[in-house]
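So this block is model.cif, mmCIF, C-alpha atoms (C1' of nucleotides):
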```cif
data_my_file
#
loop_
_atom_site.group_PDB
_atom_site.id
_atom_site.type_symbol
_atom_site.label_atom_id
_atom_site.label_comp_id
_atom_site.auth_asym_id
_atom_site.auth_seq_id
_atom_site.Cartn_x
_atom_site.Cartn_y
_atom_site.Cartn_z
ATOM 1 C CA MET A 17 42.107 21.034 142.336
ATOM 2 C CA LYS A 18 42.909 19.879 138.812
ATOM 3 C CA ILE A 19 46.360 20.195 137.257
ATOM 4 C CA ALA A 20 47.189 19.312 133.656
ATOM 5 C CA THR A 21 50.150 18.978 131.337
ATOM 6 C CA TRP A 22 50.185 19.269 127.545
ATOM 7 C CA ASN A 23 52.971 19.347 125.006
ATOM 8 C CA VAL A 24 51.328 21.636 122.444
ATOM 9 C CA ASN A 25 54.100 21.443 119.793
ATOM 10 C CA SER A 26 53.982 25.152 118.920
ATOM 11 C CA LEU A 27 51.660 27.401 120.888
ATOM 12 C CA ALA A 28 51.391 29.700 117.871
ATOM 13 C CA VAL A 29 49.662 26.900 115.991
ATOM 14 C CA ARG A 30 47.816 25.331 118.924
ATOM 15 C CA LEU A 31 46.520 28.415 120.782
ATOM 16 C CA PRO A 32 42.931 28.049 119.463
ATOM 17 C CA GLN A 33 42.922 24.395 120.498
ATOM 18 C CA LEU A 34 44.325 25.247 123.923
ATOM 19 C CA LEU A 35 41.664 27.902 124.514
ATOM 20 C CA ASP A 36 38.985 25.484 123.347
ATOM 21 C CA TRP A 37 40.301 22.756 125.634
ATOM 22 C CA LEU A 38 40.516 25.077 128.651
ATOM 23 C CA GLY A 39 36.941 26.165 127.983
ATOM 24 C CA ASN A 40 35.825 22.548 128.257
ATOM 25 C CA ASN A 41 38.364 21.627 130.957
ATOM 26 C CA PRO A 42 38.714 24.604 133.301
ATOM 27 C CA VAL A 43 41.659 23.151 135.202
ATOM 28 C CA ASP A 44 43.183 25.164 138.034
ATOM 29 C CA ALA A 45 46.629 24.950 136.489
ATOM 30 C CA ILE A 46 48.288 23.605 133.357
ATOM 31 C CA VAL A 47 51.877 23.386 132.224
ATOM 32 C CA LEU A 48 52.720 23.581 128.532
ATOM 33 C CA GLN A 49 55.754 22.328 126.660
ATOM 34 C CA GLU A 50 57.217 23.132 123.257
ATOM 35 C CA THR A 51 55.648 26.566 123.043
ATOM 36 C CA LYS A 52 58.468 27.413 120.574
ATOM 37 C CA LEU A 53 57.992 31.142 121.164
ATOM 38 C CA THR A 54 60.326 33.864 122.331
ATOM 39 C CA ASP A 55 58.965 35.673 125.378
ATOM 40 C CA ASP A 56 57.851 38.725 123.358
ATOM 41 C CA LYS A 57 55.642 36.548 121.146
ATOM 42 C CA PHE A 58 53.903 34.724 123.987
ATOM 43 C CA PRO A 59 50.072 35.063 123.759
ATOM 44 C CA HIS A 60 49.762 36.488 127.236
ATOM 45 C CA ASP A 61 46.632 38.570 126.584
ATOM 46 C CA ALA A 62 44.622 35.693 125.124
ATOM 47 C CA LEU A 63 45.401 33.498 128.122
ATOM 48 C CA THR A 64 44.678 36.293 130.599
ATOM 49 C CA HIS A 65 41.352 36.791 128.878
ATOM 50 C CA ALA A 66 40.688 33.081 129.325
ATOM 51 C CA GLY A 67 41.118 33.550 133.085
ATOM 52 C CA TYR A 68 44.694 32.404 133.608
ATOM 53 C CA GLN A 69 47.767 33.992 135.087
ATOM 54 C CA VAL A 70 50.914 32.905 133.374
ATOM 55 C CA HIS A 71 54.620 32.381 133.915
ATOM 56 C CA TRP A 72 56.424 31.669 130.678
ATOM 57 C CA PHE A 73 59.893 31.197 129.368
ATOM 58 C CA GLY A 74 60.748 30.353 125.823
ATOM 59 C CA GLN A 75 62.953 30.504 122.795
ATOM 60 C CA LYS A 76 62.689 30.444 119.040
ATOM 61 C CA THR A 77 62.035 27.196 117.152
ATOM 62 C CA TYR A 78 62.664 24.774 120.026
ATOM 63 C CA ASN A 79 61.582 24.181 123.605
ATOM 64 C CA GLY A 80 59.681 26.782 125.633
ATOM 65 C CA VAL A 81 57.458 26.153 128.658
ATOM 66 C CA ALA A 82 54.624 27.901 130.492
ATOM 67 C CA LEU A 83 52.652 27.561 133.710
ATOM 68 C CA LEU A 84 49.062 28.812 133.657
ATOM 69 C CA SER A 85 47.025 29.074 136.844
ATOM 70 C CA LYS A 86 43.668 30.494 137.904
ATOM 71 C CA THR A 87 45.229 31.981 141.036
ATOM 72 C CA ALA A 88 48.524 33.847 140.876
ATOM 73 C CA ALA A 89 51.506 31.521 141.174
ATOM 74 C CA VAL A 90 54.408 32.813 143.272
ATOM 75 C CA ASP A 91 58.141 32.239 143.601
ATOM 76 C CA PRO A 92 58.731 31.326 139.952
ATOM 77 C CA VAL A 93 61.950 29.639 138.913
ATOM 78 C CA ARG A 94 63.243 29.095 135.393
ATOM 79 C CA ASN A 95 65.063 25.895 134.504
ATOM 80 C CA ILE A 96 67.038 23.857 137.035
ATOM 81 C CA PRO A 97 68.979 25.851 139.633
ATOM 82 C CA GLY A 98 72.521 24.536 139.743
ATOM 83 C CA PHE A 99 72.356 23.150 136.203
ATOM 84 C CA ALA A 100 73.495 25.569 133.525
ATOM 85 C CA ASP A 101 71.247 25.157 130.486
ATOM 86 C CA GLU A 102 70.841 27.142 127.281
ATOM 87 C CA GLN A 103 67.477 25.519 126.614
ATOM 88 C CA ALA A 104 64.125 26.660 128.048
ATOM 89 C CA ARG A 105 62.800 23.452 129.589
ATOM 90 C CA VAL A 106 61.456 23.928 133.127
ATOM 91 C CA ILE A 107 59.066 26.376 134.738
ATOM 92 C CA THR A 108 58.287 26.147 138.439
ATOM 93 C CA ALA A 109 56.040 28.157 140.753
ATOM 94 C CA THR A 110 53.831 27.775 143.815
ATOM 95 C CA VAL A 111 50.075 27.756 143.200
ATOM 96 C CA PRO A 112 47.791 28.548 146.171
ATOM 97 C CA ASP A 113 44.728 26.336 146.502
ATOM 98 C CA GLY A 114 42.780 27.449 149.567
ATOM 99 C CA GLU A 115 44.842 26.562 152.610
ATOM 100 C CA ARG A 116 47.115 24.387 150.535
ATOM 101 C CA HIS A 117 50.060 25.501 148.416
ATOM 102 C CA VAL A 118 51.301 23.268 145.648
ATOM 103 C CA ARG A 119 54.737 23.583 144.126
ATOM 104 C CA ILE A 120 54.263 22.838 140.436
ATOM 105 C CA VAL A 121 57.291 21.860 138.360
ATOM 106 C CA GLY A 122 56.543 21.732 134.635
ATOM 107 C CA GLY A 123 59.237 20.122 132.519
ATOM 108 C CA TYR A 124 60.072 19.476 128.896
ATOM 109 C CA PHE A 125 62.656 16.739 129.294
ATOM 110 C CA PRO A 126 65.255 16.415 126.524
ATOM 111 C CA ASN A 127 64.361 14.006 123.735
ATOM 112 C CA GLY A 128 67.806 12.439 123.670
ATOM 113 C CA GLN A 129 67.727 11.443 119.989
ATOM 114 C CA ALA A 130 69.501 8.067 120.348
ATOM 115 C CA PRO A 131 71.825 6.313 122.793
ATOM 116 C CA GLY A 132 75.442 7.169 122.122
ATOM 117 C CA THR A 133 74.782 10.675 120.826
ATOM 118 C CA ASP A 134 75.693 14.007 122.414
ATOM 119 C CA LYS A 135 72.000 14.684 122.873
ATOM 120 C CA PHE A 136 71.591 11.475 124.845
ATOM 121 C CA GLU A 137 74.484 12.462 127.105
ATOM 122 C CA TYR A 138 72.873 15.879 127.612
ATOM 123 C CA LYS A 139 69.641 14.127 128.568
ATOM 124 C CA MET A 140 71.485 12.054 131.173
ATOM 125 C CA GLN A 141 73.156 15.117 132.676
ATOM 126 C CA TRP A 142 69.904 17.046 132.621
ATOM 127 C CA LEU A 143 68.140 14.199 134.453
ATOM 128 C CA ARG A 144 70.877 14.113 137.091
ATOM 129 C CA GLY A 145 70.568 17.881 137.528
ATOM 130 C CA LEU A 146 66.806 17.660 137.868
ATOM 131 C CA HIS A 147 67.017 14.862 140.426
ATOM 132 C CA ASP A 148 69.538 16.651 142.614
ATOM 133 C CA TRP A 149 67.629 19.928 142.569
ATOM 134 C CA LEU A 150 64.277 18.203 143.281
ATOM 135 C CA GLU A 151 65.778 16.487 146.298
ATOM 136 C CA ASP A 152 66.372 19.965 147.760
ATOM 137 C CA GLU A 153 63.151 21.427 146.469
ATOM 138 C CA LEU A 154 61.114 18.703 148.198
ATOM 139 C CA THR A 155 62.557 19.667 151.567
ATOM 140 C CA ARG A 156 61.298 23.227 151.015
ATOM 141 C CA HIS A 157 58.018 22.238 149.330
ATOM 142 C CA PRO A 158 56.548 18.939 150.545
ATOM 143 C CA ASN A 159 53.456 19.480 148.360
ATOM 144 C CA LEU A 160 55.069 19.093 144.969
ATOM 145 C CA VAL A 161 53.899 17.938 141.554
ATOM 146 C CA LEU A 162 56.396 17.188 138.783
ATOM 147 C CA LEU A 163 54.673 16.941 135.413
ATOM 148 C CA GLY A 164 55.343 17.367 131.753
ATOM 149 C CA ASP A 165 56.780 15.645 128.719
ATOM 150 C CA PHE A 166 59.359 13.311 130.255
ATOM 151 C CA ASN A 167 60.313 11.681 126.945
ATOM 152 C CA ILE A 168 60.615 8.438 128.920
ATOM 153 C CA ALA A 169 58.343 5.400 128.716
ATOM 154 C CA PRO A 170 58.888 3.989 132.216
ATOM 155 C CA GLU A 171 57.851 0.386 131.561
ATOM 156 C CA ASP A 172 57.133 -1.962 128.673
ATOM 157 C CA ARG A 173 53.402 -1.573 129.250
ATOM 158 C CA ASP A 174 53.883 2.097 128.317
ATOM 159 C CA VAL A 175 54.987 1.121 124.798
ATOM 160 C CA TYR A 176 52.795 -0.200 121.970
ATOM 161 C CA ASP A 177 55.544 -2.509 120.688
ATOM 162 C CA PRO A 178 58.081 -3.048 123.468
ATOM 163 C CA VAL A 179 60.083 -5.555 121.422
ATOM 164 C CA ALA A 180 60.618 -3.139 118.537
ATOM 165 C CA TRP A 181 61.379 -0.297 120.960
ATOM 166 C CA ALA A 182 63.705 -2.238 123.263
ATOM 167 C CA GLY A 183 66.802 -0.130 123.848
ATOM 168 C CA GLN A 184 65.499 2.666 121.620
ATOM 169 C CA ILE A 185 65.199 6.271 122.738
ATOM 170 C CA HIS A 186 62.501 6.768 125.433
ATOM 171 C CA CYS A 187 62.902 3.109 126.421
ATOM 172 C CA THR A 188 66.583 2.633 127.294
ATOM 173 C CA PRO A 189 67.546 1.153 130.665
ATOM 174 C CA GLN A 190 69.444 4.380 131.440
ATOM 175 C CA GLU A 191 66.352 6.563 130.963
ATOM 176 C CA ARG A 192 64.177 4.157 132.928
ATOM 177 C CA GLU A 193 66.728 4.138 135.742
ATOM 178 C CA HIS A 194 66.487 7.919 135.934
ATOM 179 C CA PHE A 195 62.703 7.682 136.104
ATOM 180 C CA GLN A 196 63.030 5.213 138.984
ATOM 181 C CA ARG A 197 65.422 7.549 140.773
ATOM 182 C CA LEU A 198 62.745 10.254 140.629
ATOM 183 C CA LEU A 199 60.276 7.813 142.204
ATOM 184 C CA GLU A 200 62.844 7.110 144.916
ATOM 185 C CA LEU A 201 62.567 10.759 145.956
ATOM 186 C CA GLY A 202 59.084 9.831 147.173
ATOM 187 C CA LEU A 203 57.320 10.815 143.979
ATOM 188 C CA HIS A 204 54.425 8.702 142.752
ATOM 189 C CA ASP A 205 53.188 8.127 139.199
ATOM 190 C CA ALA A 206 49.605 9.395 139.558
ATOM 191 C CA PHE A 207 48.427 7.575 136.432
ATOM 192 C CA ARG A 208 49.448 4.203 137.876
ATOM 193 C CA MET A 209 47.657 4.825 141.169
ATOM 194 C CA PHE A 210 44.444 3.829 139.383
ATOM 195 C CA GLU A 211 43.093 1.082 137.144
ATOM 196 C CA GLN A 212 43.679 2.252 133.592
ATOM 197 C CA PRO A 213 42.705 0.963 130.185
ATOM 198 C CA PRO A 214 45.465 -1.124 128.578
ATOM 199 C CA LYS A 215 47.319 0.573 125.722
ATOM 200 C CA SER A 216 47.077 4.023 127.273
ATOM 201 C CA TRP A 217 49.428 6.406 125.502
ATOM 202 C CA THR A 218 50.076 10.148 125.619
ATOM 203 C CA TRP A 219 52.034 10.469 122.335
ATOM 204 C CA TRP A 220 51.504 9.093 118.859
ATOM 205 C CA ASP A 221 53.923 9.748 116.006
ATOM 206 C CA TYR A 222 52.480 11.912 113.253
ATOM 207 C CA ARG A 223 53.775 9.319 110.810
ATOM 208 C CA ASN A 224 52.527 5.872 109.918
ATOM 209 C CA LEU A 225 48.872 6.534 110.831
ATOM 210 C CA ALA A 226 50.052 5.892 114.378
ATOM 211 C CA PHE A 227 47.078 7.469 116.129
ATOM 212 C CA ARG A 228 44.546 5.608 114.025
ATOM 213 C CA LYS A 229 46.348 2.372 114.812
ATOM 214 C CA ASN A 230 46.812 3.419 118.457
ATOM 215 C CA GLN A 231 50.555 2.944 118.203
ATOM 216 C CA GLY A 232 51.905 5.238 120.887
ATOM 217 C CA LEU A 233 53.948 5.682 124.007
ATOM 218 C CA ARG A 234 53.156 6.960 127.492
ATOM 219 C CA ILE A 235 55.867 9.577 127.908
ATOM 220 C CA ASP A 236 53.942 12.463 129.525
ATOM 221 C CA HIS A 237 53.640 11.997 133.266
ATOM 222 C CA ILE A 238 52.371 13.479 136.508
ATOM 223 C CA LEU A 239 54.343 12.602 139.615
ATOM 224 C CA VAL A 240 53.044 13.680 143.022
ATOM 225 C CA SER A 241 55.039 13.937 146.236
ATOM 226 C CA GLU A 242 54.456 11.694 149.214
ATOM 227 C CA ALA A 243 52.600 14.471 151.051
ATOM 228 C CA LEU A 244 50.079 14.730 148.193
ATOM 229 C CA ARG A 245 49.743 11.023 147.509
ATOM 230 C CA GLY A 246 46.631 10.492 149.606
ATOM 231 C CA GLN A 247 44.868 13.425 147.973
ATOM 232 C CA VAL A 248 45.007 12.151 144.399
ATOM 233 C CA GLN A 249 41.438 11.470 143.198
ATOM 234 C CA SER A 250 42.024 10.625 139.552
ATOM 235 C CA CYS A 251 44.493 10.816 136.700
ATOM 236 C CA VAL A 252 43.397 10.584 133.083
ATOM 237 C CA ILE A 253 44.725 11.051 129.558
ATOM 238 C CA ASP A 254 42.434 13.090 127.311
ATOM 239 C CA LYS A 255 42.748 11.658 123.807
ATOM 240 C CA LEU A 256 40.106 13.965 122.347
ATOM 241 C CA PRO A 257 42.440 16.808 121.258
ATOM 242 C CA ARG A 258 44.517 14.277 119.303
ATOM 243 C CA LYS A 259 41.452 13.866 117.060
ATOM 244 C CA ASN A 260 41.400 17.576 116.177
ATOM 245 C CA GLU A 261 42.417 18.891 112.796
ATOM 246 C CA ARG A 262 46.131 19.763 112.990
ATOM 247 C CA PRO A 263 46.543 18.169 116.407
ATOM 248 C CA SER A 264 49.561 18.201 118.651
ATOM 249 C CA ASP A 265 51.228 14.801 118.636
ATOM 250 C CA HIS A 266 50.744 14.708 122.436
ATOM 251 C CA ALA A 267 47.543 14.417 124.476
ATOM 252 C CA PRO A 268 46.910 16.310 127.738
ATOM 253 C CA VAL A 269 47.078 14.476 131.063
ATOM 254 C CA VAL A 270 45.039 15.678 134.050
ATOM 255 C CA VAL A 271 45.346 14.918 137.756
ATOM 256 C CA GLU A 272 42.723 15.765 140.376
ATOM 257 C CA LEU A 273 43.740 16.488 143.954
ATOM 258 C CA GLY A 274 40.985 16.372 146.578
ATOM 259 C "C1'" DA B 16 57.586 2.638 104.214
ATOM 260 C "C1'" DT B 17 61.771 7.229 107.183
ATOM 261 C "C1'" DG B 18 54.548 7.212 105.236
ATOM 262 C "C1'" DT B 19 54.155 13.740 109.375
ATOM 263 C "C1'" DC B 20 54.479 17.947 111.387
ATOM 264 C "C1'" DG B 21 56.494 22.608 112.544
ATOM 265 C "C1'" DA B 22 60.067 26.209 112.222
ATOM 266 C "C1'" DC B 23 63.588 28.323 109.791
ATOM 267 C "C1'" DG B 24 66.089 30.771 106.158
ATOM 268 C "C1'" DA B 25 65.821 31.793 102.087
ATOM 269 C "C1'" DA B 26 62.934 30.794 98.672
ATOM 270 C "C1'" DT B 27 58.047 28.942 96.629
ATOM 271 C "C1'" DC B 28 61.801 24.018 98.932
ATOM 272 C "C1'" DG B 29 65.620 21.827 101.699
ATOM 273 C "C1'" DT B 30 66.994 21.002 106.278
ATOM 274 C "C1'" DC B 31 66.585 19.925 111.012
ATOM 275 C "C1'" DG B 32 64.355 18.164 115.123
ATOM 276 C "C1'" DA B 33 60.927 15.423 117.040
#
```

Hey, can you dump this file as structure tokens for me?
Amino acid sequence: MKIATWNVNSLAVRLPQLLDWLGNNPVDAIVLQETKLTDDKFPHDALTHAGYQVHWFGQKTYNGVALLSKTAAVDPVRNIPGFADEQARVITATVPDGERHVRIVGGYFPNGQAPGTDKFEYKMQWLRGLHDWLEDELTRHPNLVLLGDFNIAPEDRDVYDPVAWAGQIHCTPQEREHFQRLLELGLHDAFRMFEQPPKSWTWWDYRNLAFRKNQGLRIDHILVSEALRGQVQSCVIDKLPRKNERPSDHAPVVVELG
DNA sequence: ATGTCGACGAATCGTCGA
């Protein structure tokens, strides 16, 4: 079973690229972030035609998430129960895979702008809300995958220039502490379960020729629960879509469960 | 280089967010 995550930065713009990518990478499930579409504008028919069933949840201009799966996903939940939120950031559902059922939590974590801002404080509260809900959710669903755009670079090796980024958004000690607290729930960073090329990033700024210079961050992640840990076969970043014309600034990440 | 995108509202660009 393959599960992917991709921040598409506007599904209206990126739909052809998504369909192309799914044609070449027929994953069993994928979560999308930054669809930036109200529910009535969601391209449900095109994705159904591509062989996916979809749960989606969005808003105009900002945010918006979706969960696509080959088999129908059940028990969907929008956002974080117990955490009141105006913003469409989390979509969760259970995807059957033969005898196994996997609870998939797709998240678009707040950016946070900069330490000391209201948006940073919102990010901190959001992360606390996510942690507390996941603690419960894991008791109900031992087979759980948390994936998406975390907007956190967990370690210095996830940053192209850790000195320049020290203390900056995505790299603050507070954000990294929250990432560690998620790991303490028994979640495991699937990407780091394997040997990986150095300078592996999932996001490159549109500015400054960052992709060409491979100046990026690893801020999109796939965390698997303890019960799934032994089943993880691979985890890779697919840089190819970043080379498209009019690319998203993020690359997809794919995990394979045996 | 704060050098790019994408969306929006109102206008053929300025502003915001990332």

(request) Run through the PyMOL selection byres ((chain B) within 10 of (chain A)) on the given coordinates and return the selected residues as a PyMOL selection string. (result) chain B and resi 16-23+32-33

(request) Could you please determine the separation between atom CA of Tyr68 of chain A and atom CA of Trp22 of chain A in Å, to one decimal place? (result)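 Between these atoms lies a distance of 15.5 Å.
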
(message) So the first atom is atom CA of Trp72 of chain A and the second is atom CA of His204 of chain A; what is the distance between them in Å, to one decimal place?
(response)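 Atom CA of His204 of chain A lies at a distance of 26.0 Å from atom CA of Trp72 of chain A.
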
(message) Could you list, as an MDAnalysis selection string, every residue within 9 Å of segment 103-107 of chain A, counting all atoms listed in the file and ignoring same-chain residues fewer than 5 positions away?
(response) chainID A and resid 47 49:50 71:75 78:83 92:96 120:126

(message) Could you tell me how far atom CA of Arg30 of chain A sits from atom C1' of DA26 of chain B, in Å to one decimal place?
(response) 25.9 Å

(message) Can you spell out as a PyMOL selection string the set of residues that the PyMOL selection byres ((chain A and resi 210) around 10) selects in the structure I just provided?
(response) chain A and resi 205-209+211-213+248-252

(request) Would you list the contacts of Pro214 of chain A as a PyMOL selection string, taking every protein, DNA or RNA residue within 10 Å and counting only C-alpha atoms (C1' of nucleotides), but skipping same-chain residues closer than 6 positions in sequence? (result) chain A and resi 173-174+176

(message) Running the PyMOL selection byres ((chain A and resi 60) around 12) on this model by hand, what would come out? Give it as a ChimeraX atom specification.
(response) /A:27-28,31,53-59,61-73,82-84

Atoms are missing here; could segment 38-66 of chain A be completed with N, CA and C atoms and written as a short mmCIF file (atom, residue, chain, number, x, y, z; two decimals), in the frame of the given file?
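That gives us selection32.cif:
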```cif
data_model
loop_
_atom_site.label_atom_id
_atom_site.label_comp_id
_atom_site.auth_asym_id
_atom_site.auth_seq_id
_atom_site.Cartn_x
_atom_site.Cartn_y
_atom_site.Cartn_z
N LEU A 38 40.68 24.48 127.32
CA LEU A 38 40.52 25.08 128.65
C LEU A 38 39.06 25.47 128.90
N GLY A 39 38.36 25.86 127.83
CA GLY A 39 36.94 26.16 127.98
C GLY A 39 36.14 24.95 128.43
N ASN A 40 36.52 23.79 127.90
CA ASN A 40 35.83 22.55 128.26
C ASN A 40 36.41 21.88 129.50
N ASN A 41 37.64 22.24 129.82
CA ASN A 41 38.36 21.63 130.96
C ASN A 41 39.00 22.74 131.79
N PRO A 42 38.19 23.44 132.58
CA PRO A 42 38.71 24.60 133.30
C PRO A 42 39.59 24.21 134.49
N VAL A 43 40.72 23.61 134.17
CA VAL A 43 41.66 23.15 135.20
C VAL A 43 42.20 24.34 135.98
N ASP A 44 42.64 24.09 137.20
CA ASP A 44 43.18 25.16 138.03
C ASP A 44 44.57 25.58 137.58
N ALA A 45 45.29 24.63 136.99
CA ALA A 45 46.63 24.95 136.49
C ALA A 45 46.97 24.00 135.36
N ILE A 46 47.80 24.47 134.44
CA ILE A 46 48.29 23.60 133.36
C ILE A 46 49.70 24.05 132.99
N VAL A 47 50.54 23.08 132.74
CA VAL A 47 51.88 23.39 132.22
C VAL A 47 51.94 22.98 130.76
N LEU A 48 52.61 23.81 129.97
CA LEU A 48 52.72 23.58 128.53
C LEU A 48 54.18 23.37 128.17
N GLN A 49 54.40 22.53 127.16
CA GLN A 49 55.75 22.33 126.66
C GLN A 49 55.77 22.58 125.15
N GLU A 50 56.97 22.84 124.68
CA GLU A 50 57.22 23.13 123.26
C GLU A 50 56.35 24.29 122.76
N THR A 51 56.35 25.37 123.53
CA THR A 51 55.65 26.57 123.04
C THR A 51 56.36 27.14 121.82
N LYS A 52 57.67 26.98 121.74
CA LYS A 52 58.47 27.41 120.57
C LYS A 52 58.33 28.91 120.28
N LEU A 53 58.16 29.70 121.34
CA LEU A 53 57.99 31.14 121.16
C LEU A 53 58.97 31.89 122.06
N THR A 54 59.58 32.94 121.48
CA THR A 54 60.33 33.86 122.33
C THR A 54 59.33 34.59 123.24
N ASP A 55 59.85 35.11 124.35
CA ASP A 55 58.96 35.67 125.38
C ASP A 55 58.08 36.80 124.84
N ASP A 56 58.62 37.59 123.89
CA ASP A 56 57.85 38.72 123.36
C ASP A 56 56.68 38.27 122.50
N LYS A 57 56.72 37.05 122.01
CA LYS A 57 55.64 36.55 121.15
C LYS A 57 54.62 35.72 121.91
N PHE A 58 54.80 35.58 123.21
CA PHE A 58 53.90 34.72 123.99
C PHE A 58 52.50 35.34 124.05
N PRO A 59 51.45 34.53 123.81
CA PRO A 59 50.07 35.06 123.76
C PRO A 59 49.49 35.32 125.15
N HIS A 60 50.14 36.22 125.85
CA HIS A 60 49.76 36.49 127.24
C HIS A 60 48.33 37.01 127.35
N ASP A 61 47.96 37.94 126.47
CA ASP A 61 46.63 38.57 126.58
C ASP A 61 45.50 37.57 126.37
N ALA A 62 45.67 36.69 125.39
CA ALA A 62 44.62 35.69 125.12
C ALA A 62 44.42 34.77 126.31
N LEU A 63 45.51 34.42 126.99
CA LEU A 63 45.40 33.50 128.12
C LEU A 63 44.86 34.22 129.35
N THR A 64 45.25 35.48 129.52
CA THR A 64 44.68 36.29 130.60
C THR A 64 43.17 36.42 130.42
N HIS A 65 42.78 36.67 129.19
CA HIS A 65 41.35 36.79 128.88
C HIS A 65 40.61 35.50 129.18
N ALA A 66 41.30 34.38 129.03
CA ALA A 66 40.69 33.08 129.32
C ALA A 66 40.67 32.79 130.83
#
```
